[in-house]
Structures are given as structure tokens and as C-alpha cells.
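In what follows, a single structure is set out as C-alpha cells and then discussed.
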Amino acid sequence: MSKSYKNQLVFTVKDRCRVCYTCVRECPVKAIRIVNGQAEVMSERCIGCGNCVRVCSQGAKIFLRSQNEVKELLYGQDPVAALIAPSFPAEFEEITDYRVFVGMIRALGFKYVCEVGFGADMVARRYAEIMNQPSDKGIITSDCPSITFYIRHYYPHLVDRLAPIVSPMIALNRCVKAEYGENVKTVFIGPCIAKKAESNEVDEALTFTELREILDEMHITQQNVTPSDFDPPYAGKGAIFPVSRGLLQTTNIREDVTERNIIIAEGSPSFKEAVREFDDGLVSTHHLELLCCKGCIMGAGMGKNGKRYVRRTRVANYVKQKLLQTSSEERQYYIDKFDHLDFSIHFTPEDRRKPLPTKEQIEKALFEIGKLTPEDYLNCGACGYDTCEEHAIAIAQGFAEPEMCLPYAIEKLHKSIVDLNISNEKLAHAKAALKQSEKLAHMGQLSAGIAHELNNPLGVITMYANIMLEERPENDPLRKDLELIVEQANRCRKIVSGLLNFARKNQVNLSETNLEMLVHRSIDSVVIPENIKIKMNAEMKNPICYLDQDQMMQVLTNLEKNAIEAMPPEGGEINITLKDNSQEVIIIISDTGVGIDKENMDKLFTPFFTTKELGKGTGLGLPLIYGIVKMHKGKISVMSNNKKEEGPTGTTFTITLPRNPNLI
């Protein structure tokens, strides 16, 4: 078994990974990196506990498979021994006779089938010696490989506190080599993923789930095998090792808090807390019996649907059965036979801790996820980290992303929805404006054609009417008729002129203009009733722009007059605001008048459309404004409300003009 396995025990199937962060939450060493919302196992930090494999509902976490390597050993020339973990009764509940299970293992091609429970018996004797010696130095059990990896990688200064005793697997492996020869190949079969990386002394390691796959592949069932017993050495009480407090029971040491300084912790939160307090010196004189899982019977290499206490009961019943079937003298014979073997081990520290980020880096990460004050630290755990600060540290270390924070993601989503709504509203306005522009463009073409056709005959009518008027004496009764013809012809010419402006057939004479002064002049040229106030707010950094002053004066005065006429009898207020940027000037004329009906909004710039009383308007004022603005290469938009229940009534015209149309 290669040491490199330790660096690649668990992998991620990216196509299956869904953004749930369960693996982050369950990983005791936070060996999960989130990249673009997907979880990746950082092999250099992994301790092989398999928590992520066990909790991933999507099957996105898989562990290293060794079936092919085991098959190569079985097909080879050297004999192969299966080292069966004592938790097998908890996994194979459907097999009521353990000898049938042993027969199935032999049918795979294993020459020897031995119980790791015997290794637990030998290891327990060494632990009993340590625990019965008076010492002020606490010891951490070393039979769980994930625990030893955890100490070596994340508490390297505590390595000398690990019990210098091999695990039951390695102990049995050494016994099997001594009994059957050094050429025997060994394969551990059990519930633990980390066993694949524990030691080079064992050739390969299979989990129970892998064993099931091989049995199914080779069509080996209970019905087609010959029952068989385990090969010696025979296990005794050590078979109880995989359940909680199994080590204590195997050593025959009573768990009495008044007599023994022994702390038992199993499962991720518990063993981490025990090690932390041990390191802080709070429980330094205690012996720690630690298991990464809640007993080996709940290891990641077991089936996912098993119930903990049912499994515990099955293991206990199996141990009772075995103790009744084998004599204590026979078990003691093998204990005495191998008691001289060396069951010691030396652990070396392998520090894999990452330096903590600086205070500034953590604060920056907290700011990224919207944690601006301590009140923002919800510590909800949705990201997989216990606290917001831990999440921020992981972000700064490159292990996590801000989007993992649920409150932050929800707030960001709300903002995106608001922005999307604003964008949709702008798009709707743009579509409406485009539709209106297309309609007005067609209307402009029609108006230009009409104006062109009417201009010449109107000129002839006006000329001959004036000639005839000059030829009539002052007291001629026809003179009044001719004056009426001239007056109405001139009125028609003004209408035609308005149509031409709307159709943008005229030219603009641009000149340097101080827009603030131009607006002041427009206000001065309008008659303002006493009950109406006009305010100008100049928010411009640079009031100079290039306009046709006469035409723009016409635009401003028309809009100001319209605003005055739109006021209710009690009067109101008109606000003219000037804004700018480097490329544009913006004129906003807003009134508190009665507003415009929604059904009329699309018709405002259509020639001859007017809401004024008959004879009070030609319907060319706003079309004329539209044409002048377009000739300046600008834009004009309008917003209005005429329903008090929806808010203040009034109308706002916004004109956006390039600072210099010649540069466009």
C-alpha cells in the first residue's frame, strides 16, 4: 500500500456536487475547498475520516477503490490473508452464521481469514500496562488512524502524547506474518477509509462496501459457499473494540470517574473538543480514548442505512457467541505465543496547518460578506462553518467563497431582483420610446411631405391676397375679407413651419451658450401667475454647451407655459433642475399640476394632438419641441401621474442634450 494513498483518499465527482455545503459542515479539519460553488477535497489536509462521503446525499464524494489491486494479489503466487475487522457482524446483518461469512471470504481466493479482534487483544494488553502505571502525563489512544493523522497534522506538538502502540490491524498483521511467513500478503477488510493510508505493513485495504461489490461481481452468496471458521490466532474480548468504550472493556479497566483519569470521546465535535482541552492543559493528566467516528461500526466504509445501536447489539452478540465457542486456554495460548512481538510504533509530526490570515485580511473578508458590525454576525452555520469569523478566515485562506453565506446570498439575490426590475423597467421605457420614435419618424415623413406640398400654394395665396389688399381703398367692404384671408394664410404658414420643425427639415445654428443664463431668460419671458412659483436648481459643474439659442428658448418657454397651464386653480410649483456630466447636459422641468392621463402619454408628441380646449391649442407645441431636441441630437422623455391615490400629481419632462452636437 503506497504512502501516496494518504494524499488522495477522497475525491469529488463535480457533476454530482450541489451547493449544500454539508461536507464542509461535517469535515472536522475543513479539508473542503469551495471553487465556483463546487466542493473539492484538499488531499493535503484530509485525515481520511470519510465524513464527507457518508453525509453527501448526491454521491459526489467517493473514496479510493482498491478492488483491482486486491484481485491482483489474489491472482498472484503468494498466499493472501484477509484481516477482518471485528465490526463485520454490524455490516453483514443478513448473515446469521459468521462461518458462512468466512466461507464467502475464502471463496474469493484468500488462503487465510483472521480476526483483527486478536490484534485488539494484544494491543489492549499494552494499553493496560500504560494505564496502570502512575504518570502525570496524559496519553492519547492511537488505534484510530484518522485521530493519529489529526494529531500529526494539526497538533504536531502533541505527537509525543500519542500512545506508541500500533493499531489492532497492524498488530494482527505482525502476528499473521510471524505465524504464516513473511511472504504472506495481507488485505485489511473493514469499515474505515483511513486504513488505506495507515501503514505500508498491510499490502491493501478494502472497505465493507467494496467487499460487497466484489462478492456481487463474483456471484458469491451464502448459498454457494462452504461455511468455515477463522484461522488462528483466535480473537477474544478484543472483538468488542469497534463499539464505544471497546478499548476499556478489552483492557478490563473499569470506567470509574473517581478512580480513573480516562476521557472517552467519539465523533467529530467531541474528539476535537477533547483534544483542544487536552492541549490547553485543562485535562492534561487524563488518558484520551478517541474515535473519529461514533464507533467503528459507523465508519464511512459501512453501508449508509445501518442503525448505530442495532449494529452495536449485533457486535456484542457475536462476541458473546465467540467467547462461548472457543476455550479461554486456546485464546491464551496465542496471546502468550505472540506476546514477545514488537507492537510499538513511532509517530512523526507532519504539520499541515495553514497560517492564520492577518486581522486586516479577516476584516476584509467579513466586509465582503456584509458583516460590518458584531450585530451582523449571525453564526447561522449555513455556510458550513460554525461562525462568521471562521468563514471569513476560510475566505482569506482561499478555502471558501463569499456566496456561501446564506444571508449574504439572499441579500445579493434581492439586490439582483431589484436591479433586474429596474433594468426591465428601463427596457420597457426604451421599447416604448423606440416605438414612439418609429411612429413619430413616420409622422415626420408624412408631415414633411404635407408641408412641402402646402408651402408653395400658401405662398401664392398670401402673395395675391396682399396684392389685392393693397389695391383696395380703405373704405372698400372687400378689404376686411382680404385681411381675413391674409391672416388665415399666415396662420397656415406657421402651422406648416411647425410641421417642418417637427420633421427636422430645418437646420440648427449652434453657438456657445451658458445654459443657466438661457434658462433664467426663458423664465423671465414667461408670464407667471402669483399662485405659481418657479424654482431653478443649477447642479452643473460646467454650464457651457452648444445650442441653437432661439430654438432652445422656444423649447423652454413652451414647456414652462404648458406647466403653468397644467396647474390646478390653487396654483403649484415648477422646478427646473440642470445637471451635467462631461458629455451631456440635462434639463428637468417638473410641475405639480394635474398630470396627464396614461392613455394620452403615447400621443403627446403627435402633431395636432392636444388636450386643451378647442381653439386654445394647435397640437404642435410638443411635436415642435420634439423636433428641436432631435435636431440637437438629444433625447426627451416624460413621466406623469394624474391620480392622487398613486402619489403626488404632476408631470416631469427630461431633456438630455449632447454638450456639443458637432462632436457626435
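Here's how to read the names in the C-alpha cells: chain A, B, ... by the order shown, residue numbers from 1 in each chain, ligand numbers from 1 in the order shown.
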
Going by DSSP on the backbone, which residues of segment 189-407 of chain A come out as alpha helix (DSSP H)? List them as an MDAnalysis selection string.
chainID A and resid 208:217 246:250 268:279 308:325 328:338 359:368 388:397 406:407

If we count only C-alpha atoms, what is near Phe653 of chain A at a cut-off of 12 Å, once residues fewer than 2 positions away on the same chain are taken out, given as a ChimeraX atom specification?
/A:555-556,558-560,562-563,574-577,586-591,595-596,601,604,622,625-626,635-640,650-651,655-656

Any chance you could export the current selection's N, CA and C atoms as a CSV table (one decimal), in the first residue's frame?
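Produced file result.csv, reproduced below:
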```csv
chain,number,residue,atom,x,y,z
A,555,VAL,N,-38.2,75.9,-26.9
A,555,VAL,CA,-38.4,74.6,-26.2
A,555,VAL,C,-38.8,74.9,-24.7
A,556,LEU,N,-37.9,75.7,-24.1
A,556,LEU,CA,-38.1,76.0,-22.7
A,556,LEU,C,-39.3,76.8,-22.4
A,558,ASN,N,-42.1,77.0,-24.2
A,558,ASN,CA,-43.3,76.1,-24.4
A,558,ASN,C,-43.5,75.2,-23.2
A,559,LEU,N,-42.5,74.6,-22.7
A,559,LEU,CA,-42.6,73.6,-21.6
A,559,LEU,C,-43.1,74.4,-20.3
A,560,GLU,N,-42.5,75.6,-20.1
A,560,GLU,CA,-42.9,76.4,-19.0
A,560,GLU,C,-44.3,76.8,-19.0
A,562,ASN,N,-46.7,75.3,-20.7
A,562,ASN,CA,-47.5,74.1,-20.6
A,562,ASN,C,-47.7,73.8,-19.1
A,563,ALA,N,-46.6,73.9,-18.3
A,563,ALA,CA,-46.6,73.6,-16.9
A,563,ALA,C,-47.5,74.6,-16.2
A,574,ILE,N,-43.2,74.9,-10.0
A,574,ILE,CA,-42.5,74.4,-11.1
A,574,ILE,C,-41.0,74.4,-10.7
A,575,ASN,N,-40.4,73.2,-10.9
A,575,ASN,CA,-38.9,73.1,-10.6
A,575,ASN,C,-38.2,72.8,-11.9
A,576,ILE,N,-37.2,73.6,-12.1
A,576,ILE,CA,-36.3,73.4,-13.3
A,576,ILE,C,-34.9,73.0,-12.7
A,577,THR,N,-34.4,71.8,-13.0
A,577,THR,CA,-33.2,71.4,-12.5
A,577,THR,C,-32.2,71.1,-13.7
A,586,ILE,N,-28.4,68.1,-18.9
A,586,ILE,CA,-29.7,67.5,-18.6
A,586,ILE,C,-30.6,68.6,-18.1
A,587,ILE,N,-31.7,68.8,-18.7
A,587,ILE,CA,-32.7,69.8,-18.2
A,587,ILE,C,-34.0,69.0,-17.8
A,588,ILE,N,-34.3,69.2,-16.5
A,588,ILE,CA,-35.5,68.5,-15.9
A,588,ILE,C,-36.5,69.6,-15.5
A,589,ILE,N,-37.7,69.6,-16.2
A,589,ILE,CA,-38.8,70.5,-15.9
A,589,ILE,C,-39.9,69.8,-15.2
A,590,SER,N,-40.2,70.0,-14.0
A,590,SER,CA,-41.2,69.3,-13.2
A,590,SER,C,-42.2,70.2,-12.6
A,591,ASP,N,-43.5,69.8,-12.7
A,591,ASP,CA,-44.5,70.6,-12.2
A,591,ASP,C,-45.4,69.8,-11.2
A,595,GLY,N,-51.4,66.6,-14.0
A,595,GLY,CA,-50.9,65.4,-14.7
A,595,GLY,C,-51.6,65.1,-16.0
A,596,ILE,N,-51.1,64.0,-16.6
A,596,ILE,CA,-51.6,63.6,-17.9
A,596,ILE,C,-52.1,62.2,-17.8
A,601,MET,N,-50.4,59.4,-23.0
A,601,MET,CA,-48.9,59.6,-22.9
A,601,MET,C,-48.2,59.3,-24.2
A,604,LEU,N,-48.4,62.3,-27.0
A,604,LEU,CA,-48.0,63.7,-26.6
A,604,LEU,C,-47.3,64.4,-27.8
A,622,LEU,N,-45.7,70.4,-28.5
A,622,LEU,CA,-44.8,69.3,-28.1
A,622,LEU,C,-44.1,68.7,-29.3
A,625,ILE,N,-41.2,70.9,-30.0
A,625,ILE,CA,-40.1,70.6,-29.0
A,625,ILE,C,-39.4,69.3,-29.4
A,626,TYR,N,-40.1,68.3,-29.7
A,626,TYR,CA,-39.5,67.0,-30.0
A,626,TYR,C,-38.6,67.2,-31.2
A,635,LYS,N,-32.4,63.7,-26.5
A,635,LYS,CA,-33.5,62.8,-26.1
A,635,LYS,C,-34.4,63.6,-25.2
A,636,ILE,N,-35.7,63.3,-25.3
A,636,ILE,CA,-36.7,63.9,-24.4
A,636,ILE,C,-37.6,62.7,-23.9
A,637,SER,N,-37.9,62.7,-22.6
A,637,SER,CA,-38.8,61.7,-22.0
A,637,SER,C,-39.7,62.4,-21.1
A,638,VAL,N,-40.8,61.8,-20.8
A,638,VAL,CA,-41.8,62.4,-19.9
A,638,VAL,C,-42.4,61.3,-19.0
A,639,MET,N,-42.6,61.7,-17.7
A,639,MET,CA,-43.3,60.9,-16.7
A,639,MET,C,-44.4,61.7,-16.1
A,640,SER,N,-45.5,61.1,-15.8
A,640,SER,CA,-46.6,61.9,-15.3
A,640,SER,C,-47.6,61.0,-14.5
A,650,GLY,N,-48.6,65.4,-11.2
A,650,GLY,CA,-47.7,66.3,-11.8
A,650,GLY,C,-47.0,65.7,-13.0
A,651,THR,N,-46.2,66.4,-13.7
A,651,THR,CA,-45.5,65.9,-14.9
A,651,THR,C,-44.0,66.4,-14.9
A,655,ILE,N,-34.9,66.5,-20.6
A,655,ILE,CA,-34.3,66.6,-21.9
A,655,ILE,C,-32.8,66.4,-21.7
A,656,THR,N,-32.2,65.5,-22.5
A,656,THR,CA,-30.8,65.2,-22.4
A,656,THR,C,-30.2,65.6,-23.8
```

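In this comparison, which uses only C-alpha atoms, the residue of A:Leu515, A:Glu573, A:Pro134, A:Leu427 approaching Pro529 of chain A most closely is A:Glu573.
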
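Atom CA of Val29 of chain A sits 10.6 Å away from atom CA of Phe149 of chain A.
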
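In this comparison, which uses only C-alpha atoms, the residue of A:Lys177, A:Lys364, A:Lys541, A:Arg65 approaching His391 of chain A most closely is A:Lys364.
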
Just want the 7 Å neighbourhood of segment 459-464 of chain A, counted on only C-alpha atoms, with same-chain residues fewer than 3 positions away dropped. Output as a PyMOL selection string.
chain A and resi 455-456+467-468+486+489

Counting only C-alpha atoms, which residue out of A:Leu211, A:Tyr385, A:Val55, A:Ile47 sits closest to Leu108 of chain A?
A:Leu211

Considering only strand (DSSP E) as DSSP defines it on the backbone, what residues of segment 503-572 of chain A qualify? List them as a CSV table (one decimal) with N, CA and C atoms, in the first residue's frame.
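Final file, result_30.csv:
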```csv
chain,number,residue,atom,x,y,z
A,511,SER,N,-24.3,77.7,-31.2
A,511,SER,CA,-23.4,78.7,-30.6
A,511,SER,C,-23.1,78.4,-29.2
A,512,GLU,N,-22.0,78.9,-28.7
A,512,GLU,CA,-21.6,78.6,-27.3
A,512,GLU,C,-22.7,79.3,-26.4
A,513,THR,N,-23.2,78.6,-25.5
A,513,THR,CA,-24.3,79.1,-24.7
A,513,THR,C,-24.1,78.7,-23.2
A,514,ASN,N,-24.4,79.7,-22.3
A,514,ASN,CA,-24.4,79.4,-20.9
A,514,ASN,C,-25.9,79.0,-20.6
A,532,ILE,N,-48.3,80.6,-8.5
A,532,ILE,CA,-47.4,79.6,-9.1
A,532,ILE,C,-45.9,80.1,-8.8
A,533,LYS,N,-45.1,79.2,-8.3
A,533,LYS,CA,-43.7,79.5,-8.0
A,533,LYS,C,-42.8,78.7,-9.0
A,534,ILE,N,-41.8,79.3,-9.5
A,534,ILE,CA,-40.8,78.6,-10.3
A,534,ILE,C,-39.5,78.7,-9.6
A,535,LYS,N,-38.9,77.5,-9.5
A,535,LYS,CA,-37.5,77.4,-8.8
A,535,LYS,C,-36.6,76.8,-9.8
A,536,MET,N,-35.4,77.3,-9.8
A,536,MET,CA,-34.3,76.7,-10.7
A,536,MET,C,-33.2,76.2,-9.8
A,537,ASN,N,-32.8,74.9,-10.0
A,537,ASN,CA,-31.8,74.3,-9.2
A,537,ASN,C,-30.6,74.0,-10.2
A,538,ALA,N,-29.6,74.7,-10.1
A,538,ALA,CA,-28.4,74.5,-11.0
A,538,ALA,C,-27.4,73.6,-10.3
A,544,ILE,N,-21.5,75.6,-19.8
A,544,ILE,CA,-21.3,75.9,-21.2
A,544,ILE,C,-21.6,74.7,-22.1
A,545,CYS,N,-22.4,75.0,-23.1
A,545,CYS,CA,-22.7,73.9,-24.1
A,545,CYS,C,-23.0,74.6,-25.4
A,546,TYR,N,-23.3,73.9,-26.5
A,546,TYR,CA,-23.5,74.4,-27.8
A,546,TYR,C,-24.9,74.1,-28.2
A,547,LEU,N,-25.7,75.2,-28.4
A,547,LEU,CA,-27.1,75.1,-28.7
A,547,LEU,C,-27.5,76.1,-29.8
A,572,GLY,N,-49.5,76.1,-7.8
A,572,GLY,CA,-48.5,75.0,-7.6
A,572,GLY,C,-47.1,75.5,-7.8
```

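Nearest-residue note for Arg353 of chain A: choosing from A:Ser199, A:Gln397, A:Thr226, A:Asn379, the minimum distance belongs to A:Gln397, counting only C-alpha atoms.
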
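Distances to Cys175 of chain A were evaluated for A:Phe343, A:Tyr155, A:Tyr127, A:Tyr98 using only C-alpha atoms, and the minimum falls at A:Phe343.
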
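When only C-alpha atoms are used to compute distances to Val80 of chain A, the closest of the residues A:Asn421, A:Gln507, A:Thr148, A:Asn183 turns out to be A:Asn183.
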
Extract, using only C-alpha atoms, all DNA, RNA and protein residues at most 6 Å from segment 302-305 of chain A, discarding same-chain residues fewer than 5 positions from it, and format them as a list in words.
Pro191, Phe208 and Thr209 of chain A

So that each row is one residue of segment 152-248 of chain A with an atom at most 7 Å from segment 110-114 of chain A, can you give its shortest atom pair and the distance in Å to one decimal, using only C-alpha atoms, rows by chain and rising number, as CSV?
```
residue,atom,partner,partner_atom,distance
A:Phe230,CA,A:Cys114,CA,5.5
A:Asp231,CA,A:Cys114,CA,5.3
A:Pro232,CA,A:Cys114,CA,6.5
```

Give me, as a ChimeraX atom specification, all polymer residues having an atom no more than 6 Å from segment 259-272 of chain A, counting only C-alpha atoms and skipping those fewer than 2 positions away in the same chain.
/A:28,256-257,274-275,286-294

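The neighbours of Leu378 of chain A here are the residues that come within 9 Å of it, using only C-alpha atoms and leaving out any residue fewer than 3 positions away in the same chain; they are A:Lys371, A:Pro374, A:Glu375, A:Gly381, A:Thr387, A:Cys388, A:Pro407.
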
I need the residues from that last selection saved to file as an mmCIF file, in the first residue's frame (with C-alpha atoms), if you can.
```
data_model
loop_
_atom_site.group_PDB
_atom_site.id
_atom_site.type_symbol
_atom_site.label_atom_id
_atom_site.label_comp_id
_atom_site.auth_asym_id
_atom_site.auth_seq_id
_atom_site.Cartn_x
_atom_site.Cartn_y
_atom_site.Cartn_z
ATOM 1 C CA LYS A 371 -20.543 41.627 8.240
ATOM 2 C CA PRO A 374 -20.815 42.401 15.512
ATOM 3 C CA GLU A 375 -24.609 42.504 15.213
ATOM 4 C CA GLY A 381 -23.761 27.802 10.140
ATOM 5 C CA THR A 387 -19.091 31.206 12.984
ATOM 6 C CA CYS A 388 -18.960 34.091 10.546
ATOM 7 C CA PRO A 407 -27.839 35.876 4.439
#
```

Just want the 10 Å neighbourhood of Gln58 of chain A, counted on only C-alpha atoms, with same-chain residues fewer than 4 positions away dropped. Output as a list in words.
Val13, Asp15, Arg16, Cys17, Arg18 and Val53 of chain A

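Across the structure, atom CA of Ala178 of chain A and atom CA of Ile165 of chain A are spaced 18.1 Å apart.
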